[in-house]
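K.L.:
Sharing input.cif below, mmCIF, C-alpha atoms and all ligand atoms:
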data_start
#
loop_
_atom_site.label_atom_id
_atom_site.label_comp_id
_atom_site.auth_asym_id
_atom_site.auth_seq_id
_atom_site.Cartn_x
_atom_site.Cartn_y
_atom_site.Cartn_z
CA MET T 1 -67.28 9.13 -24.64
CA LYS T 2 -67.20 11.95 -27.14
CA LEU T 3 -70.08 14.43 -27.35
CA THR T 4 -71.01 15.25 -30.94
CA CYS T 5 -74.05 17.53 -30.79
CA ASP T 6 -74.92 20.96 -29.39
CA TRP T 7 -78.39 22.48 -29.79
CA HIS T 8 -78.04 25.75 -27.88
CA ILE T 9 -75.46 28.25 -29.14
CA HIS T 10 -75.58 32.04 -29.38
CA SER T 11 -74.12 34.25 -32.09
CA ASP T 12 -73.04 37.89 -32.11
CA ASN T 13 -76.57 38.78 -33.25
CA SER T 14 -78.06 37.78 -29.90
CA CYS T 15 -79.48 40.61 -27.80
CA ASP T 16 -77.18 39.76 -24.90
CA ASP T 17 -73.37 39.72 -24.65
CA ALA T 18 -72.86 36.76 -27.01
CA SER T 19 -70.11 37.57 -29.47
CA MET T 20 -69.30 34.67 -31.82
CA ARG T 21 -69.34 35.06 -35.57
CA ILE T 22 -71.18 32.18 -37.20
CA ALA T 23 -68.19 31.44 -39.44
CA ASP T 24 -66.10 30.96 -36.29
CA LEU T 25 -68.72 28.58 -34.90
CA ILE T 26 -68.51 26.41 -38.03
CA THR T 27 -64.72 26.27 -37.78
CA GLY T 28 -64.81 25.65 -34.03
CA ALA T 29 -67.45 22.91 -34.24
CA ALA T 30 -65.43 21.05 -36.87
CA ALA T 31 -62.33 21.28 -34.65
CA GLN T 32 -64.27 19.96 -31.62
CA GLY T 33 -65.92 17.08 -33.50
CA ILE T 34 -69.40 18.57 -33.03
CA VAL T 35 -71.31 17.41 -36.10
CA ASN T 36 -74.98 18.16 -35.29
CA TYR T 37 -75.64 21.60 -33.90
CA GLY T 38 -77.64 24.78 -34.20
CA ILE T 39 -77.64 28.48 -33.54
CA THR T 40 -80.30 29.67 -31.06
CA ASP T 41 -80.35 33.40 -30.44
CA HIS T 42 -82.84 34.94 -28.02
CA ILE T 43 -86.40 36.07 -28.49
CA HIS T 44 -87.99 37.49 -25.35
CA THR T 45 -90.65 39.72 -26.92
CA PRO T 46 -91.10 40.91 -30.54
CA VAL T 47 -88.55 43.65 -29.77
CA ASN T 48 -85.85 41.02 -30.46
CA TRP T 49 -87.00 39.89 -33.92
CA PRO T 50 -84.48 42.11 -35.77
CA ASP T 51 -81.65 40.27 -33.95
CA VAL T 52 -83.04 36.90 -35.04
CA GLU T 53 -83.45 38.20 -38.60
CA ALA T 54 -79.78 39.27 -38.54
CA SER T 55 -78.85 35.85 -37.19
CA ARG T 56 -80.77 34.15 -40.01
CA ALA T 57 -79.02 36.30 -42.62
CA GLU T 58 -75.59 35.51 -41.18
CA TYR T 59 -76.49 31.82 -41.00
CA LEU T 60 -77.58 31.74 -44.66
CA ALA T 61 -74.44 33.60 -45.73
CA SER T 62 -72.23 31.11 -43.89
CA ASP T 63 -72.76 28.23 -46.35
CA PRO T 64 -73.88 26.08 -43.39
CA PRO T 65 -72.75 22.45 -43.27
CA LEU T 66 -75.62 19.93 -43.52
CA GLY T 67 -75.46 19.17 -39.81
CA PHE T 68 -75.69 22.85 -38.82
CA HIS T 69 -79.24 24.10 -38.20
CA PHE T 70 -81.11 27.29 -37.45
CA GLY T 71 -83.04 27.38 -34.18
CA LEU T 72 -84.31 29.86 -31.63
CA GLU T 73 -84.24 30.30 -27.85
CA VAL T 74 -87.53 31.75 -26.68
CA SER T 75 -88.16 33.00 -23.15
CA CYS T 76 -91.29 32.29 -21.25
CA VAL T 77 -93.05 35.63 -20.72
CA SER T 78 -96.74 36.40 -20.22
CA ARG T 79 -99.70 37.43 -22.29
CA TRP T 80 -99.89 40.56 -20.10
CA GLU T 81 -96.28 41.40 -20.96
CA LEU T 82 -96.67 40.87 -24.70
CA ASP T 83 -99.77 43.06 -24.69
CA GLU T 84 -97.97 45.78 -22.72
CA VAL T 85 -94.92 45.78 -25.00
CA ALA T 86 -97.24 45.94 -28.02
CA THR T 87 -98.70 49.23 -26.78
CA GLY T 88 -95.34 50.91 -27.41
CA ALA T 89 -95.62 52.70 -24.07
CA HIS T 90 -92.48 50.99 -22.75
CA GLY T 91 -90.16 51.68 -25.68
CA SER T 92 -88.12 48.67 -26.83
CA PRO T 93 -87.18 46.73 -23.68
CA THR T 94 -84.48 44.26 -24.73
CA TYR T 95 -85.34 41.81 -21.95
CA GLY T 96 -89.06 42.45 -21.79
CA LEU T 97 -90.60 44.13 -18.76
CA ARG T 98 -90.12 41.39 -16.16
CA GLN T 99 -92.02 43.34 -13.52
CA GLY T 100 -95.33 45.04 -12.89
CA GLY T 101 -97.57 42.26 -14.08
CA PRO T 102 -100.02 40.25 -12.02
CA PRO T 103 -98.58 37.21 -10.23
CA GLY T 104 -99.97 34.12 -11.90
CA ALA T 105 -100.24 35.92 -15.26
CA GLU T 106 -101.03 33.63 -18.15
CA PRO T 107 -97.68 32.45 -19.59
CA ALA T 108 -96.90 33.08 -23.26
CA LEU T 109 -94.12 32.66 -25.80
CA SER T 110 -93.42 35.36 -28.35
CA ILE T 111 -93.56 33.02 -31.34
CA GLU T 112 -96.16 32.04 -33.91
CA GLN T 113 -96.05 29.43 -36.64
CA ALA T 114 -95.76 32.29 -39.15
CA ASP T 115 -92.46 33.42 -37.54
CA ILE T 116 -91.12 29.90 -37.77
CA ASP T 117 -92.03 29.66 -41.45
CA ARG T 118 -90.77 33.15 -42.31
CA LEU T 119 -87.36 32.67 -40.70
CA GLY T 120 -86.78 29.00 -41.49
CA ILE T 121 -86.61 28.11 -37.79
CA GLU T 122 -85.97 24.36 -37.59
CA TYR T 123 -86.40 23.94 -33.83
CA VAL T 124 -87.36 25.93 -30.75
CA VAL T 125 -85.69 25.86 -27.35
CA ALA T 126 -87.90 27.41 -24.64
CA GLY T 127 -86.45 28.67 -21.39
CA VAL T 128 -87.48 30.13 -18.07
CA HIS T 129 -85.24 33.14 -17.48
CA TRP T 130 -86.87 35.06 -14.64
CA PRO T 131 -89.76 34.84 -12.22
CA MET T 132 -92.93 36.52 -13.32
CA TYR T 133 -93.98 39.32 -11.02
CA VAL T 134 -93.65 37.46 -7.71
CA GLU T 135 -91.72 38.34 -4.57
CA PRO T 136 -88.22 36.86 -4.17
CA GLU T 137 -89.32 34.20 -1.71
CA ARG T 138 -87.92 30.73 -2.28
CA ASP T 139 -91.03 28.59 -2.41
CA THR T 140 -92.94 31.21 -4.40
CA ILE T 141 -90.14 31.31 -6.97
CA ILE T 142 -90.01 27.53 -7.17
CA ARG T 143 -93.73 27.33 -7.82
CA ASP T 144 -93.57 30.10 -10.43
CA TYR T 145 -90.64 28.47 -12.24
CA HIS T 146 -92.32 25.09 -12.25
CA ARG T 147 -95.47 26.64 -13.68
CA GLN T 148 -93.44 28.24 -16.47
CA TYR T 149 -91.58 24.99 -17.22
CA LEU T 150 -94.83 23.07 -17.51
CA TYR T 151 -96.14 25.70 -19.90
CA CYS T 152 -93.03 25.34 -22.09
CA ALA T 153 -93.31 21.54 -21.92
CA THR T 154 -96.85 21.61 -23.30
CA HIS T 155 -96.46 24.37 -25.93
CA PRO T 156 -96.98 22.97 -29.44
CA LEU T 157 -94.15 25.00 -31.03
CA VAL T 158 -91.48 23.97 -28.51
CA ASP T 159 -89.00 21.14 -29.10
CA ILE T 160 -86.60 21.48 -26.17
CA ILE T 161 -87.01 22.70 -22.58
CA ALA T 162 -83.92 24.81 -21.81
CA HIS T 163 -81.70 24.56 -18.72
CA PRO T 164 -84.18 23.35 -16.06
CA TRP T 165 -83.66 25.22 -12.79
CA TRP T 166 -81.03 27.64 -14.03
CA TRP T 167 -81.05 30.67 -11.74
CA HIS T 168 -79.72 34.18 -12.18
CA GLY T 169 -80.58 37.42 -10.39
CA HIS T 170 -81.68 37.68 -6.76
CA TRP T 171 -79.60 35.96 -4.02
CA ARG T 172 -76.36 36.73 -5.82
CA ASP T 173 -73.40 37.06 -3.45
CA ALA T 174 -71.11 40.10 -3.51
CA ASP T 175 -68.53 38.08 -5.45
CA GLY T 176 -71.09 37.21 -8.15
CA ARG T 177 -71.63 33.63 -6.95
CA TYR T 178 -74.84 31.88 -6.00
CA THR T 179 -74.51 29.91 -2.79
CA THR T 180 -77.93 30.09 -1.14
CA ASP T 181 -81.55 30.33 -2.28
CA PRO T 182 -83.52 29.53 -4.22
CA TRP T 183 -81.94 26.07 -4.69
CA LEU T 184 -78.23 26.58 -5.37
CA ASP T 185 -77.12 25.38 -1.93
CA ASP T 186 -79.54 22.44 -1.94
CA PHE T 187 -81.30 21.21 -5.06
CA GLY T 188 -83.49 19.15 -2.73
CA LYS T 189 -85.44 22.32 -1.93
CA ILE T 190 -87.33 21.66 -5.16
CA PRO T 191 -90.10 19.14 -4.48
CA ALA T 192 -89.53 15.80 -6.24
CA SER T 193 -93.17 15.92 -7.36
CA MET T 194 -92.22 18.77 -9.71
CA HIS T 195 -89.54 16.61 -11.35
CA ASP T 196 -92.17 13.90 -11.75
CA GLU T 197 -94.62 16.34 -13.35
CA LEU T 198 -92.04 17.84 -15.72
CA ALA T 199 -90.81 14.40 -16.81
CA SER T 200 -94.38 13.30 -17.50
CA ALA T 201 -95.20 16.48 -19.45
CA ALA T 202 -92.00 16.26 -21.52
CA ILE T 203 -92.65 12.64 -22.44
CA GLU T 204 -96.35 13.12 -23.13
CA HIS T 205 -95.76 16.14 -25.36
CA GLY T 206 -92.61 14.85 -27.07
CA LYS T 207 -90.19 17.47 -25.75
CA ALA T 208 -86.51 16.98 -25.03
CA VAL T 209 -85.06 18.27 -21.76
CA GLU T 210 -81.80 20.14 -22.02
CA ILE T 211 -78.51 19.32 -20.34
CA ASN T 212 -76.79 22.70 -20.24
CA ILE T 213 -73.00 22.90 -19.89
CA SER T 214 -72.30 26.63 -19.40
CA ALA T 215 -75.44 27.53 -17.46
CA ILE T 216 -75.49 24.55 -15.11
CA LEU T 217 -72.84 21.81 -15.20
CA LEU T 218 -69.79 24.08 -15.56
CA ASN T 219 -71.32 27.33 -14.29
CA PRO T 220 -68.47 28.93 -12.28
CA ALA T 221 -70.99 30.95 -10.24
CA TYR T 222 -72.65 27.82 -8.81
CA PRO T 223 -71.35 25.77 -5.87
CA ALA T 224 -69.53 22.52 -6.67
CA THR T 225 -72.05 20.70 -4.47
CA LEU T 226 -74.82 21.44 -6.94
CA VAL T 227 -73.34 19.27 -9.71
CA PRO T 228 -73.75 15.85 -8.04
CA GLN T 229 -77.29 16.80 -7.01
CA TYR T 230 -78.08 17.92 -10.55
CA LEU T 231 -76.65 14.70 -11.97
CA GLU T 232 -78.96 12.78 -9.64
CA TYR T 233 -81.83 14.81 -11.05
CA LEU T 234 -80.76 13.98 -14.61
CA ALA T 235 -80.47 10.32 -13.65
CA TYR T 236 -84.06 10.45 -12.35
CA LEU T 237 -85.24 11.96 -15.65
CA ARG T 238 -83.26 9.29 -17.51
CA ASP T 239 -84.98 6.55 -15.52
CA ARG T 240 -88.31 8.11 -16.42
CA GLY T 241 -87.46 7.82 -20.12
CA VAL T 242 -86.90 11.51 -20.87
CA THR T 243 -84.96 12.39 -24.05
CA PHE T 244 -82.09 14.82 -23.45
CA SER T 245 -80.71 17.55 -25.65
CA LEU T 246 -77.14 18.77 -25.17
CA ALA T 247 -76.41 22.49 -24.91
CA SER T 248 -73.16 24.41 -24.58
CA ASP T 249 -75.13 27.69 -24.35
CA CYS T 250 -71.94 29.24 -25.75
CA HIS T 251 -71.86 33.04 -25.47
CA ARG T 252 -68.11 33.31 -26.09
CA ALA T 253 -66.31 34.83 -29.08
CA GLN T 254 -64.78 31.44 -29.89
CA TYR T 255 -66.31 27.99 -29.71
CA ASP T 256 -63.83 26.78 -27.12
CA ILE T 257 -66.21 24.76 -24.96
CA ASP T 258 -64.94 22.10 -22.56
CA PHE T 259 -66.94 19.07 -23.70
CA GLU T 260 -64.72 16.56 -21.91
CA ARG T 261 -65.79 17.20 -18.32
CA PRO T 262 -69.53 17.11 -19.12
CA ALA T 263 -68.97 13.96 -21.22
CA ALA T 264 -67.46 12.26 -18.17
CA MET T 265 -70.31 13.49 -15.97
CA LEU T 266 -72.94 12.14 -18.35
CA GLU T 267 -71.09 8.87 -18.80
CA SER T 268 -71.11 8.45 -15.00
CA ILE T 269 -74.93 8.41 -15.05
CA GLY T 270 -75.26 6.33 -18.20
CA ILE T 271 -76.31 9.07 -20.62
CA ARG T 272 -74.74 8.29 -23.99
CA ASP T 273 -74.07 10.68 -26.87
CA GLU T 274 -75.96 8.44 -29.30
CA ALA T 275 -79.12 8.68 -27.16
CA LEU T 276 -79.21 12.51 -27.28
CA TRP T 277 -81.84 14.43 -29.25
CA ARG T 278 -80.86 15.32 -32.81
CA LEU T 279 -82.33 16.83 -35.91
CA PRO T 280 -81.58 14.85 -39.05
CA ALA T 281 -78.99 16.48 -41.32
CA ARG T 282 -80.54 18.65 -44.02
CA VAL T 283 -80.57 16.96 -47.41
CA GLY T 284 -79.43 19.99 -49.36
CA ALA T 285 -78.63 23.67 -49.37
CA VAL T 286 -80.86 25.97 -47.30
ZN ZN G 301 -81.46 30.57 -21.60
ZN ZN G 302 -79.05 30.56 -24.19
#
Give the structure from the file, written as structure tokens.
P.N.:
Amino acid sequence: MKLTCDWHIHSDNSCDDASMRIADLITGAAAQGIVNYGITDHIHTPVNWPDVEASRAEYLASDPPLGFHFGLEVSCVSRWELDEVATGAHGSPTYGLRQGGPPGAEPALSIEQADIDRLGIEYVVAGVHWPMYVEPERDTIIRDYHRQYLYCATHPLVDIIAHPWWWHGHWRDADGRYTTDPWLDDFGKIPASMHDELASAAIEHGKAVEINISAILLNPAYPATLVPQYLEYLAYLRDRGVTFSLASDCHRAQYDIDFERPAAMLESIGIRDEALWRLPARVGAV
């Protein structure tokens, strides 16, 4: 099986270490046979809007092919955090505040319909990137993540739920790998009832669930034992009737993603390229 779409890609405008020029993405996608795809740089809080504006300008200047779209990756944050950042008292925190708020704070996304209209955003990928103001205790983190995922899965402006159960931060080994908590050594630590709830929410609200290559399936920092467990999880979501969206989550300077290994993994659990989420090709110039 050949994979032909990719809905989560970062450009050199992204606030993190992503470094690909959009022109190089277009060339690389053509070489890889990726025909439906989109750029999705980060928005955590309004501090990041200038990066997305730069991304939009580079996208428009690239003479984008009809199958190449402009999207956005938005982080789940909180109403408390957006209000705090808006005071200006914290300067311009690239990744938001991420601490100091009340546990259980009302989740929020830093996007409005007006932003989508103004920047020609064709689709929104929403991700959980960090716990919100809770102690690094496994079950607490799991509950907080699940709460954030459910919020993303019910938000009216979201199309795709990014990289379910990606983890980064606490419990990192000295060599940079993740081999223990919160669920990297055993994905079964996450209650199956949460998978049931997320599947139901995604289906009910018409959201796709992402299959992420760089962050999950081929993440070199994760143990090899995670992949078969994660594929079982995807197979469960498939059986529930969830629609999947494919993501390279490319942060590299060149679009040199290994699509072959994930294609074989997905084929092994009966997920076909033609069943993946897609935007229709644009009918004309942007
Ligand atoms: Zn992400
Ligand atoms: Zn990303």
K.L.:
For ligand ZN 301 (chain G), which of T:Gly127, T:Pro65, T:Gly88, T:Gly104 is the closest residue, counting only C-alpha atoms and all ligand atoms?
P.N.:
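So, comparing all the options, the nearest one is T:Gly127.
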K.L.:
Within 12 Å of ligand ZN 301 (chain G), which residues show up when you count only C-alpha atoms and all ligand atoms? List them as a VMD selection string, please.
P.N.:
chain T and resid 7 to 10 14 to 16 18 40 to 44 72 to 76 95 124 to 130 160 to 168 210 to 216 247 to 251
K.L.:
What gap, in Å, lies between atom CA of Ala61 of chain T and atom CA of Ile26 of chain T?
P.N.:
12.1 Å
K.L.:
By how many Å are atom CA of Lys2 of chain T and atom CA of Leu237 of chain T apart?
P.N.:
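Separation of atom CA of Lys2 of chain T and atom CA of Leu237 of chain T: 21.4 Å.
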K.L.:
Determine, counting all atoms listed in the file, every residue of protein, DNA or RNA that lies within 8 Å of (-92.9, 27.8, -20.5) in the file coordinates, then give the result as a list in words.
P.N.:
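Applying the cut-off with all atoms listed in the file, one gets Ser75, Cys76, Val77, Pro107, Ala108, Leu109, Ala126, Gly127, Val128, Arg147, Gln148, Tyr149, Leu150, Tyr151, Cys152, Ala153, Thr154 and His155 of chain T.
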K.L.:
Rounded to one decimal place, report the atom CA of Leu246 of chain T-atom CA of Trp277 of chain T distance in Å.
P.N.:
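Interatomic distance here is 7.6 Å.
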K.L.:
Show me, as a ChimeraX atom specification, the residues that have an atom within 8 Å of Tyr123 of chain T when counting only C-alpha atoms, minus same-chain residues fewer than 3 positions from it.
P.N.:
/T:70-72,158-159
K.L.:
Restricting the calculation to only C-alpha atoms and all ligand atoms: of T:His170, T:Val35, T:Arg252, T:Trp183, which residue gets closest to ligand ZN 302 (chain G)?
P.N.:
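So, comparing all the options, the nearest one is T:Arg252.
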